[in-house]
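Have a look at model_34.cif below; it lists mmCIF, C-alpha atoms.
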```
data_my_file
loop_
_atom_site.label_atom_id
_atom_site.label_comp_id
_atom_site.auth_asym_id
_atom_site.auth_seq_id
_atom_site.Cartn_x
_atom_site.Cartn_y
_atom_site.Cartn_z
CA MET O 19 11.49 -35.90 13.38
CA SER O 20 11.28 -32.19 12.55
CA THR O 21 11.48 -29.59 15.29
CA LEU O 22 8.87 -26.89 15.69
CA HIS O 23 10.08 -23.64 17.22
CA LEU O 24 7.37 -22.20 19.44
CA HIS O 25 7.94 -18.69 20.78
CA SER O 26 5.62 -17.74 23.62
CA ALA O 27 5.22 -14.16 24.72
CA PRO O 28 6.11 -13.24 28.28
CA THR O 29 5.00 -10.63 30.73
CA PRO O 30 4.48 -7.03 29.64
CA SER O 31 5.61 -4.05 31.70
CA PRO O 32 3.62 -3.30 34.89
CA SER O 33 1.87 -0.16 33.72
CA PHE O 34 -0.89 1.03 31.45
CA ALA O 35 1.59 2.98 29.32
CA PRO O 36 1.26 2.63 25.54
CA ILE O 37 2.60 -0.73 24.40
CA THR O 38 5.04 -1.28 21.56
CA SER O 39 5.38 -4.55 19.74
CA SER O 40 8.46 -5.56 21.74
CA ARG O 41 6.45 -5.93 24.94
CA PHE O 42 5.17 -9.30 23.79
CA PHE O 43 8.60 -10.92 24.03
CA ARG O 44 11.48 -11.25 26.44
CA THR O 45 13.96 -8.93 24.78
CA SER O 46 17.48 -7.60 25.05
CA ARG O 47 18.97 -4.65 23.19
CA ILE O 48 21.38 -5.31 20.36
CA SER O 49 23.18 -2.86 18.17
CA LEU O 50 24.64 -3.73 14.78
CA PRO O 51 25.83 -1.32 12.10
CA ASN O 52 23.46 -0.88 9.21
CA ALA O 53 21.05 -3.48 10.60
CA VAL O 54 17.31 -3.49 11.12
CA CYS O 55 16.40 -1.82 14.42
CA CYS O 56 15.50 -4.78 16.56
CA LYS O 57 15.51 -6.61 19.85
CA ALA O 58 16.64 -10.19 20.22
CA ILE O 59 14.11 -12.83 21.17
CA GLU O 60 14.92 -15.63 23.58
CA ALA O 61 13.46 -18.64 21.83
CA VAL O 62 11.58 -21.39 23.63
CA GLN O 63 11.69 -24.76 21.88
CA LEU O 64 9.02 -27.41 22.12
CA GLU O 65 10.65 -30.84 21.95
CA ASN O 66 10.04 -32.87 18.81
CA GLY O 67 7.55 -30.33 17.50
CA ARG O 68 4.71 -31.68 19.62
CA PRO O 69 1.61 -29.47 19.63
CA SER O 70 0.87 -27.58 22.80
CA ALA O 71 -2.58 -29.23 23.01
CA ARG O 72 -0.92 -32.53 23.89
CA GLU O 73 0.83 -30.90 26.83
CA PHE O 74 -2.46 -29.56 28.14
CA ALA O 75 -4.16 -32.92 27.69
CA ALA O 76 -1.37 -34.64 29.61
CA ARG O 77 -1.29 -32.16 32.45
CA GLY O 78 -4.96 -31.39 32.86
CA ASN O 79 -5.25 -27.82 34.11
CA ALA O 80 -1.51 -27.48 34.74
CA ILE O 81 0.25 -24.70 32.84
CA PRO O 82 2.99 -25.95 30.49
CA SER O 83 6.51 -24.72 31.14
CA TYR O 84 6.68 -22.71 27.92
CA VAL O 85 3.76 -20.52 28.97
CA GLU O 86 5.04 -17.54 30.93
CA ALA O 87 3.77 -16.56 34.38
CA PRO O 88 0.71 -14.30 34.26
CA ASN O 89 1.06 -10.55 34.16
CA ALA O 90 1.51 -9.47 37.80
CA ARG O 91 -0.31 -6.18 37.26
CA ILE O 92 -3.40 -7.85 35.83
CA ARG O 93 -3.29 -10.75 38.29
CA ASN O 94 -3.21 -8.34 41.26
CA LEU O 95 -6.07 -6.28 39.85
CA VAL O 96 -8.16 -9.38 39.25
CA ASN O 97 -7.58 -10.59 42.80
CA ARG O 98 -7.99 -7.20 44.45
CA ASN O 99 -11.12 -6.13 42.63
CA ASP O 100 -12.77 -9.57 42.58
CA THR O 101 -13.75 -8.96 38.98
CA ARG O 102 -16.43 -10.90 37.17
CA LEU O 103 -14.19 -11.71 34.24
CA ARG O 104 -14.76 -15.18 32.81
CA ILE O 105 -12.98 -16.89 29.90
CA PHE O 106 -14.37 -19.98 28.21
CA SER O 107 -12.79 -22.00 25.43
CA GLY O 108 -14.42 -23.80 22.55
CA THR O 109 -12.90 -26.94 21.10
CA ALA O 110 -11.23 -25.23 18.12
CA ASN O 111 -8.06 -23.99 19.89
CA PRO O 112 -7.98 -24.86 23.61
CA ALA O 113 -4.21 -24.41 23.85
CA LEU O 114 -4.42 -20.72 22.86
CA SER O 115 -7.34 -20.21 25.24
CA GLN O 116 -5.30 -21.67 28.10
CA GLU O 117 -2.38 -19.37 27.34
CA ILE O 118 -4.69 -16.33 27.32
CA ALA O 119 -6.13 -17.36 30.68
CA CYS O 120 -2.61 -17.89 32.00
CA TYR O 121 -1.64 -14.36 30.97
CA LEU O 122 -4.60 -13.00 32.92
CA GLY O 123 -3.93 -15.20 35.94
CA LEU O 124 -7.29 -16.93 35.58
CA GLU O 125 -8.56 -20.46 35.22
CA LEU O 126 -10.56 -21.27 32.12
CA GLY O 127 -14.27 -21.43 32.85
CA LYS O 128 -15.85 -24.86 33.18
CA ILE O 129 -17.91 -25.74 30.15
CA LYS O 130 -19.25 -29.00 28.72
CA ILE O 131 -19.23 -29.35 24.95
CA LYS O 132 -20.12 -32.60 23.22
CA ARG O 133 -21.45 -33.85 19.93
CA PHE O 134 -24.34 -36.24 19.60
CA ALA O 135 -24.26 -39.23 17.27
CA ASP O 136 -26.05 -37.24 14.57
CA GLY O 137 -23.50 -34.41 14.75
CA GLU O 138 -25.55 -31.95 16.79
CA ILE O 139 -23.61 -29.86 19.32
CA TYR O 140 -24.47 -29.65 23.01
CA VAL O 141 -23.12 -26.87 25.27
CA GLN O 142 -23.62 -26.43 29.01
CA LEU O 143 -21.85 -23.91 31.23
CA GLN O 144 -20.84 -25.62 34.44
CA GLU O 145 -20.45 -22.49 36.52
CA SER O 146 -22.52 -19.36 37.03
CA VAL O 147 -21.92 -16.39 34.72
CA ARG O 148 -24.82 -14.24 35.95
CA GLY O 149 -23.74 -10.61 35.75
CA CYS O 150 -20.28 -11.58 34.44
CA ASP O 151 -18.15 -10.22 31.61
CA VAL O 152 -17.72 -13.35 29.49
CA PHE O 153 -15.11 -13.90 26.76
CA LEU O 154 -15.55 -16.91 24.47
CA VAL O 155 -12.38 -17.93 22.61
CA GLN O 156 -13.19 -19.81 19.42
CA PRO O 157 -11.60 -19.35 15.99
CA THR O 158 -13.85 -20.40 13.13
CA CYS O 159 -11.06 -22.37 11.48
CA PRO O 160 -11.53 -25.70 9.67
CA PRO O 161 -13.94 -27.39 10.10
CA ALA O 162 -15.36 -23.88 9.78
CA ASN O 163 -19.04 -24.73 9.90
CA GLU O 164 -18.76 -26.90 13.02
CA ASN O 165 -16.62 -24.36 14.88
CA LEU O 166 -18.91 -21.50 13.89
CA MET O 167 -22.00 -23.38 15.05
CA GLU O 168 -20.25 -24.25 18.32
CA LEU O 169 -19.47 -20.56 18.88
CA LEU O 170 -23.08 -19.58 18.24
CA ILE O 171 -24.36 -22.17 20.71
CA MET O 172 -21.81 -21.04 23.31
CA ILE O 173 -23.01 -17.45 22.90
CA ASP O 174 -26.62 -18.55 23.26
CA ALA O 175 -25.80 -20.54 26.41
CA CYS O 176 -24.13 -17.49 27.98
CA ARG O 177 -27.01 -15.22 27.03
CA ARG O 178 -29.55 -17.60 28.56
CA ALA O 179 -27.37 -17.83 31.69
CA SER O 180 -27.73 -14.04 32.18
CA ALA O 181 -24.15 -13.01 31.38
CA LYS O 182 -23.84 -9.22 31.53
CA ASN O 183 -21.57 -8.92 28.47
CA ILE O 184 -20.55 -11.54 25.93
CA THR O 185 -17.45 -11.01 23.79
CA ALA O 186 -16.70 -13.44 20.99
CA VAL O 187 -12.90 -13.71 20.75
CA ILE O 188 -12.32 -14.94 17.20
CA PRO O 189 -8.57 -15.23 16.51
CA TYR O 190 -9.37 -16.40 12.97
CA PHE O 191 -12.61 -15.26 11.35
CA GLY O 192 -13.79 -17.83 8.81
CA TYR O 193 -15.70 -16.72 5.70
CA ALA O 194 -13.78 -13.41 5.81
CA ARG O 195 -12.77 -13.81 2.18
CA ALA O 196 -16.43 -13.82 1.10
CA ASP O 197 -16.65 -10.10 1.83
CA ARG O 198 -17.98 -8.77 -1.48
CA LYS O 199 -19.60 -9.78 -4.73
CA THR O 200 -17.12 -10.35 -7.53
CA GLN O 201 -19.74 -11.83 -9.87
CA GLY O 202 -23.48 -11.73 -10.17
CA ARG O 203 -25.68 -13.85 -7.90
CA GLU O 204 -22.92 -14.47 -5.31
CA SER O 205 -23.49 -14.44 -1.57
CA ILE O 206 -21.61 -12.23 0.89
CA ALA O 207 -21.05 -14.87 3.55
CA ALA O 208 -18.95 -12.60 5.80
CA LYS O 209 -21.99 -10.39 6.38
CA LEU O 210 -24.20 -13.42 7.02
CA VAL O 211 -21.79 -14.80 9.64
CA ALA O 212 -21.60 -11.37 11.28
CA ASN O 213 -25.40 -11.31 11.50
CA LEU O 214 -25.46 -14.80 13.01
CA ILE O 215 -22.97 -13.88 15.74
CA THR O 216 -24.87 -10.69 16.54
CA GLU O 217 -28.28 -12.37 16.62
CA ALA O 218 -26.96 -15.21 18.79
CA GLY O 219 -26.41 -12.63 21.52
CA ALA O 220 -22.80 -11.41 21.34
CA ASN O 221 -22.28 -7.84 22.59
CA ARG O 222 -18.79 -7.41 21.13
CA VAL O 223 -16.31 -9.16 18.84
CA LEU O 224 -12.53 -9.33 19.25
CA ALA O 225 -10.88 -10.42 16.01
CA CYS O 226 -7.29 -10.77 14.85
CA ASP O 227 -6.10 -9.78 11.36
CA LEU O 228 -9.35 -9.80 9.42
CA HIS O 229 -8.88 -10.50 5.72
CA SER O 230 -10.25 -7.07 4.88
CA GLY O 231 -11.05 -4.07 7.03
CA GLN O 232 -14.58 -3.66 5.71
CA SER O 233 -15.59 -6.86 7.51
CA MET O 234 -15.74 -4.82 10.72
CA GLY O 235 -18.57 -2.84 9.19
CA TYR O 236 -20.65 -5.98 8.74
CA PHE O 237 -21.19 -6.21 12.49
CA ASP O 238 -23.86 -4.14 14.20
CA ILE O 239 -21.94 -4.46 17.48
CA PRO O 240 -18.50 -3.08 18.46
CA VAL O 241 -15.50 -4.85 16.93
CA ASP O 242 -11.98 -4.68 18.37
CA HIS O 243 -9.54 -5.52 15.60
CA VAL O 244 -5.99 -6.43 16.65
CA TYR O 245 -3.01 -7.31 14.48
CA GLY O 246 -0.49 -10.12 14.74
CA GLN O 247 2.01 -7.89 12.97
CA PRO O 248 3.93 -6.76 16.12
CA VAL O 249 4.62 -10.37 17.10
CA ILE O 250 6.02 -11.27 13.66
CA LEU O 251 7.96 -8.01 13.37
CA ASP O 252 9.80 -8.57 16.62
CA TYR O 253 10.77 -12.09 15.59
CA LEU O 254 11.99 -10.95 12.18
CA ALA O 255 13.92 -8.08 13.72
CA SER O 256 15.78 -10.54 15.95
CA LYS O 257 17.39 -12.01 12.84
CA THR O 258 19.37 -8.78 12.34
CA ILE O 259 19.03 -8.85 8.57
CA CYS O 260 20.94 -5.94 7.09
CA SER O 261 18.48 -3.26 6.06
CA ASP O 262 20.24 -2.86 2.71
CA ASP O 263 19.49 -6.52 1.93
CA LEU O 264 15.85 -6.57 2.99
CA VAL O 265 12.83 -6.25 0.74
CA VAL O 266 9.21 -6.81 1.75
CA VAL O 267 7.06 -8.51 -0.88
CA SER O 268 3.30 -8.47 -1.26
CA PRO O 269 2.14 -11.75 -2.87
CA ASP O 270 -0.68 -9.90 -4.67
CA VAL O 271 -1.88 -6.39 -5.41
CA GLY O 272 -4.61 -6.61 -2.76
CA GLY O 273 -2.02 -6.98 0.01
CA VAL O 274 0.05 -3.93 -0.89
CA ALA O 275 -1.25 -1.79 1.99
CA ARG O 276 -0.46 -4.55 4.49
CA ALA O 277 3.03 -5.08 3.06
CA ARG O 278 3.73 -1.34 2.95
CA ALA O 279 2.85 -0.94 6.63
CA PHE O 280 5.02 -3.97 7.43
CA ALA O 281 7.97 -2.58 5.43
CA LYS O 282 7.71 0.80 7.13
CA LYS O 283 8.24 -0.82 10.52
CA LEU O 284 11.25 -2.76 9.23
CA SER O 285 13.49 0.30 8.83
CA ASP O 286 11.33 1.50 5.93
CA ALA O 287 12.43 -1.42 3.75
CA PRO O 288 11.78 -1.33 -0.02
CA LEU O 289 8.63 -2.93 -1.36
CA ALA O 290 8.04 -5.38 -4.21
CA ILE O 291 4.74 -6.69 -5.56
CA VAL O 292 3.88 -9.99 -7.23
CA ASP O 293 1.26 -9.48 -9.92
CA LYS O 294 -0.99 -12.50 -10.26
CA ARG O 295 -4.00 -13.49 -12.30
CA ARG O 296 -6.51 -15.79 -10.57
CA HIS O 297 -8.46 -18.12 -12.83
CA GLY O 298 -10.60 -19.74 -10.12
CA HIS O 299 -11.00 -20.23 -6.38
CA ASN O 300 -7.74 -21.45 -4.77
CA VAL O 301 -5.98 -21.27 -8.15
CA ALA O 302 -3.41 -18.55 -8.85
CA GLU O 303 -0.97 -17.82 -11.67
CA VAL O 304 2.00 -15.51 -11.20
CA MET O 305 2.51 -13.14 -14.09
CA ASN O 306 5.10 -10.53 -13.16
CA LEU O 307 7.19 -8.96 -10.41
CA ILE O 308 7.15 -5.25 -9.68
CA GLY O 309 10.32 -4.19 -7.87
CA ASP O 310 13.92 -5.37 -7.46
CA VAL O 311 14.80 -8.43 -5.36
CA ARG O 312 18.13 -9.47 -6.89
CA GLY O 313 20.57 -10.43 -4.14
CA LYS O 314 18.00 -9.49 -1.48
CA VAL O 315 16.35 -11.27 1.43
CA ALA O 316 12.68 -11.27 0.45
CA VAL O 317 10.01 -11.29 3.17
CA MET O 318 6.59 -12.23 1.82
CA VAL O 319 3.74 -10.93 3.98
CA ASP O 320 0.11 -12.05 3.89
CA ASP O 321 -2.76 -12.40 6.36
CA MET O 322 -3.25 -16.12 5.73
CA ILE O 323 -1.90 -19.15 3.91
CA ASP O 324 -4.57 -21.52 2.65
CA THR O 325 -3.41 -23.86 -0.12
CA ALA O 326 -0.15 -21.86 -0.43
CA GLY O 327 -0.57 -21.62 -4.21
CA THR O 328 -0.16 -17.85 -4.32
CA ILE O 329 2.79 -17.61 -1.95
CA ALA O 330 4.61 -20.64 -3.39
CA LYS O 331 4.38 -19.38 -6.96
CA GLY O 332 5.44 -15.96 -5.74
CA ALA O 333 8.46 -17.47 -3.99
CA ALA O 334 9.44 -19.37 -7.14
CA LEU O 335 9.29 -16.11 -9.09
CA LEU O 336 11.42 -14.34 -6.47
CA HIS O 337 14.11 -17.01 -6.77
CA GLN O 338 13.99 -16.69 -10.56
CA GLU O 339 14.52 -12.95 -10.16
CA GLY O 340 17.62 -13.53 -8.02
CA ALA O 341 16.38 -13.32 -4.41
CA ARG O 342 18.97 -14.73 -1.99
CA GLU O 343 16.48 -16.01 0.60
CA VAL O 344 12.69 -16.00 0.89
CA TYR O 345 10.75 -15.84 4.15
CA ALA O 346 6.97 -16.32 4.38
CA CYS O 347 5.12 -14.49 7.16
CA THR O 348 1.44 -14.89 7.90
CA THR O 349 -0.90 -14.64 10.87
CA HIS O 350 -3.33 -17.42 9.98
CA ALA O 351 -2.07 -20.86 8.92
CA VAL O 352 -5.12 -22.52 7.35
CA PHE O 353 -2.89 -25.06 5.57
CA SER O 354 -5.39 -26.76 3.28
CA PRO O 355 -3.85 -29.50 1.09
CA PRO O 356 -1.44 -29.31 -0.67
CA ALA O 357 -0.06 -26.39 1.37
CA ILE O 358 2.47 -28.44 3.37
CA GLU O 359 4.05 -29.96 0.26
CA ARG O 360 4.41 -26.52 -1.31
CA LEU O 361 5.79 -24.84 1.81
CA SER O 362 8.30 -27.58 2.62
CA SER O 363 9.59 -27.93 -0.95
CA GLY O 364 12.69 -25.80 -0.31
CA LEU O 365 11.39 -22.50 -1.66
CA PHE O 366 11.37 -20.88 1.78
CA GLN O 367 14.15 -20.29 4.26
CA GLU O 368 11.49 -20.11 6.97
CA VAL O 369 7.70 -20.05 7.22
CA ILE O 370 6.61 -17.88 10.15
CA ILE O 371 3.05 -18.18 11.43
CA THR O 372 1.10 -17.54 14.64
CA ASN O 373 -1.06 -19.87 16.72
CA THR O 374 -4.43 -18.27 15.90
CA ILE O 375 -5.18 -21.63 14.23
CA PRO O 376 -3.83 -24.86 15.74
CA VAL O 377 -1.47 -26.71 13.43
CA ALA O 378 -2.09 -30.45 13.13
CA GLU O 379 0.87 -32.57 14.15
CA GLN O 380 1.25 -34.08 10.70
CA ASN O 381 1.58 -30.58 9.22
CA TYR O 382 4.86 -29.74 10.94
CA PHE O 383 7.96 -29.34 8.78
CA PRO O 384 11.52 -28.15 9.53
CA GLN O 385 11.11 -24.59 8.23
CA LEU O 386 7.98 -23.90 10.31
CA THR O 387 8.11 -21.39 13.18
CA VAL O 388 5.04 -20.70 15.34
CA LEU O 389 4.73 -17.48 17.34
CA SER O 390 2.21 -17.11 20.13
CA VAL O 391 -0.34 -14.26 20.12
CA ALA O 392 -1.68 -15.24 23.56
CA ASN O 393 -0.29 -12.21 25.39
CA LEU O 394 -1.48 -9.87 22.65
CA LEU O 395 -5.02 -11.23 22.92
CA GLY O 396 -4.81 -11.46 26.71
CA GLU O 397 -3.84 -7.82 27.04
CA THR O 398 -6.67 -6.85 24.70
CA VAL O 399 -9.18 -8.91 26.70
CA TRP O 400 -8.14 -7.15 29.89
CA ARG O 401 -8.36 -3.69 28.32
CA VAL O 402 -11.82 -4.40 26.92
CA HIS O 403 -12.94 -5.67 30.33
CA ASP O 404 -11.39 -2.69 32.12
CA ASP O 405 -12.73 -0.12 29.58
CA CYS O 406 -9.22 0.92 28.55
CA SER O 407 -7.95 1.86 25.10
CA VAL O 408 -7.09 -1.05 22.83
CA SER O 409 -5.51 0.95 20.00
CA SER O 410 -2.70 2.13 22.29
CA ILE O 411 -1.33 -1.43 22.27
CA PHE O 412 -0.04 -0.80 18.75
CA LEU O 413 1.36 2.69 19.27
#
```

Let me see the file written as structure tokens.
Amino acid sequence: MSTLHLHSAPTPSPSFAPITSSRFFRTSRISLPNAVCCKAIEAVQLENGRPSAREFAARGNAIPSYVEAPNARIRNLVNRNDTRLRIFSGTANPALSQEIACYLGLELGKIKIKRFADGEIYVQLQESVRGCDVFLVQPTCPPANENLMELLIMIDACRRASAKNITAVIPYFGYARADRKTQGRESIAAKLVANLITEAGANRVLACDLHSGQSMGYFDIPVDHVYGQPVILDYLASKTICSDDLVVVSPDVGGVARARAFAKKLSDAPLAIVDKRRHGHNVAEVMNLIGDVRGKVAVMVDDMIDTAGTIAKGAALLHQEGAREVYACTTHAVFSPPAIERLSSGLFQEVIITNTIPVAEQNYFPQLTVLSVANLLGETVWRVHDDCSVSSIFL
């Protein structure tokens, strides 16, 4: 059976000082000549690649061993100030919600969610949230429509229970790719979903790695946008790849800005671009490569992998152009068929993702590495609750 490597992020430093990406991992300094500036990560392995959700189901409310102890600074503040911070989880990603609560030193709020025989969703909060600052953790990942509707009903339940503030924590924002009209008579579903969340009663949205920045403008409420980039950067840096051998690759022209920012933080690595021509939804054709990858270690960076058509064809082109190794890095692992077959076909040395979307057990393969964004989101939740700066996390 293949082994999944799950890296969970431990305790940050006990201060409100600006946070660098390395704070989300247990790190130790290393120094190698002509290597990427980095800190080594102490990996935590999950036996037999079992998903973290199974651990939670087996242990009830117990915290699995791979989840680090909560941040002492935040835990002490929560206890001392008797805050009205409440965190509730939907059914889309309960494992991530539990890790976020663990970071904050809190128990997940008690909530009852069930589906009737006809598919309708029922939500009941089983504890008082009157006057509380409520955070609802629910990515709108597949099945997108069910998870979105569940989030809306959770928001409505909190609003009708007199919560003071309701923040929708959406690690993965579905419909984000429908952010503009590319042809006549098309809908802009991202704006519609933003309106639904706002009208349901949310006061704020916390999202991770939106497909495009303009999606923030679709909301008429504040949006805190955080990036999974620091988590992936620290893991990549631990591999001590020689900076002369490294090249960051954007799988399409639209991701150049993201790849450029990523390359700048990896010792200002060179950049290459895969030029593609898309003939239909979820269908891509690689046409050309801009940049030199011969003899290099190519790191492909994107915000999500859906069917893996774009990134797989890009990887094949990189090998044809002489790349020594190819790594795929993405925040959101949607993994629609036939993504697993493409990713596990031998094109990639490693596929690095985060746990914003839970990965089904049957979708594990030997090259897959999952990094946890729980501490990143947990720190952001606390700063939003405590009216502190969120942007300083990424300084």

For CA of Val265 (chain O) and CA of Met322 (chain O), the interatomic separation in Å (one decimal):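 Taking CA of Val265 (chain O) as the start and CA of Met322 (chain O) as the end point, the length is 19.5 Å.
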
Top pick for closest residue to Asp310 (chain O), considering O:Ala162, O:Ala341, O:Ala334, O:Ile323 and counting all atoms listed in the file: O:Ala341

Separation of CA of Ala277 (chain O) from CA of Val319 (chain O), in Å and rounded to one decimal: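 Answer for the CA of Ala277 (chain O) to CA of Val319 (chain O) separation: 6.0 Å.
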
Residue contacts of region 396-400 of chain O (7 Å, all atoms listed in the file) excluding same-chain residues fewer than 5 positions away, as JSON, numbers by chain: {"O": [118, 121, 122, 408]}

Using 10 Å as the limit and counting only C-alpha atoms, can you tabulate each residue of region 134-192 of chain O that touches region 223-227 of chain O, with its shortest atom-to-atom distance in Å and the two atoms involved, as a tab-separated table?
```
residue	atom	partner	partner_atom	distance
O:Phe153	CA	O:Leu224	CA	9.2
O:Leu154	CA	O:Val223	CA	9.6
O:Val155	CA	O:Leu224	CA	9.2
O:Pro157	CA	O:Ala225	CA	9.0
O:Ile184	CA	O:Val223	CA	8.6
O:Thr185	CA	O:Val223	CA	5.4
O:Ala186	CA	O:Val223	CA	4.8
O:Val187	CA	O:Leu224	CA	4.6
O:Ile188	CA	O:Ala225	CA	4.9
O:Pro189	CA	O:Cys226	CA	4.9
O:Tyr190	CA	O:Cys226	CA	6.3
O:Phe191	CA	O:Ala225	CA	6.9
```

Selected residues, C-alpha atoms, written as a PDB file, in the coordinates of the input, please.
```
ATOM      1  CA  PHE O 153     -15.110 -13.900  26.760  1.00  0.00           C
ATOM      2  CA  LEU O 154     -15.550 -16.910  24.470  1.00  0.00           C
ATOM      3  CA  VAL O 155     -12.380 -17.930  22.610  1.00  0.00           C
ATOM      4  CA  PRO O 157     -11.600 -19.350  15.990  1.00  0.00           C
ATOM      5  CA  ILE O 184     -20.550 -11.540  25.930  1.00  0.00           C
ATOM      6  CA  THR O 185     -17.450 -11.010  23.790  1.00  0.00           C
ATOM      7  CA  ALA O 186     -16.700 -13.440  20.990  1.00  0.00           C
ATOM      8  CA  VAL O 187     -12.900 -13.710  20.750  1.00  0.00           C
ATOM      9  CA  ILE O 188     -12.320 -14.940  17.200  1.00  0.00           C
ATOM     10  CA  PRO O 189      -8.570 -15.230  16.510  1.00  0.00           C
ATOM     11  CA  TYR O 190      -9.370 -16.400  12.970  1.00  0.00           C
ATOM     12  CA  PHE O 191     -12.610 -15.260  11.350  1.00  0.00           C
TER      13      PHE O 191
END
```

Nearest-residue call for Leu114 (chain O), choices O:Ile291, O:Val344, O:Val377, O:Ile370, using all atoms listed in the file: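 Result for the nearest residue to Leu114 (chain O): O:Val377.
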
Å distance separating CA of Gln232 (chain O) from CA of Arg195 (chain O), one decimal place: 10.9 Å

Selection result of the PyMOL selection byres ((chain O and resi 173) around 12) on this file, as JSON, numbers by chain: {"O": [106, 107, 108, 141, 142, 143, 147, 152, 153, 154, 155, 156, 166, 167, 168, 169, 170, 171, 172, 174, 175, 176, 177, 178, 179, 180, 181, 182, 183, 184, 185, 186, 187, 214, 215, 216, 217, 218, 219, 220, 221, 222, 223]}

Local residues around (8.8, -13.3, 1.8), at most 12 Å away, using all atoms listed in the file, as a ChimeraX atom specification: /O:254,264-270,277,280-281,289-292,311,314-320,328-337,341-348,361,365-370

Residues near Asn381 (chain O), cut-off 9 Å, all atoms listed in the file, skip fewer than 2 positions along chain, as a list in words: Phe353, Ile358, Val377, Ala378, Glu379 and Phe383 of chain O

Nearest-residue call for Val271 (chain O), choices O:Lys283, O:Lys257, O:His229, O:Lys294, using all atoms listed in the file: O:Lys294

Residue list as number ranges by chain for point (0.4, -26.3, 0.1), cut-off 8 Å, only C-alpha atoms: O: 324-327, 330, 353-361

Selection dump of the PyMOL selection byres ((chain O and resi 193) around 9), as a list in words: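 In the shown coordinates, the PyMOL selection byres ((chain O and resi 193) around 9) covers Thr158, Ala162, Phe191, Gly192, Ala194, Arg195, Ala196, Asp197, Ile206, Ala207, Ala208, Lys209 and Val211 of chain O.
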
Among the residues O:Ile308, O:Cys120, O:Ile239, O:Leu284, the one that comes closest to Thr258 (chain O) [using all atoms listed in the file]: O:Leu284

Please provide the set of residues having any atom within 8 Å of Tyr140 (chain O), restricted to all atoms listed in the file, with same-chain residues fewer than 2 positions apart removed, written as a JSON list (two decimals) with C-alpha atoms, in the frame of the given file.
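Below you can see around-v2.json, which holds the result:
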```
[["chain", "number", "residue", "atom", "x", "y", "z"],
["O", 130, "LYS", "CA", -19.25, -29.00, 28.72],
["O", 131, "ILE", "CA", -19.23, -29.35, 24.95],
["O", 132, "LYS", "CA", -20.12, -32.60, 23.22],
["O", 133, "ARG", "CA", -21.45, -33.85, 19.93],
["O", 134, "PHE", "CA", -24.34, -36.24, 19.60],
["O", 138, "GLU", "CA", -25.55, -31.95, 16.79],
["O", 142, "GLN", "CA", -23.62, -26.43, 29.01],
["O", 171, "ILE", "CA", -24.36, -22.17, 20.71]]
```
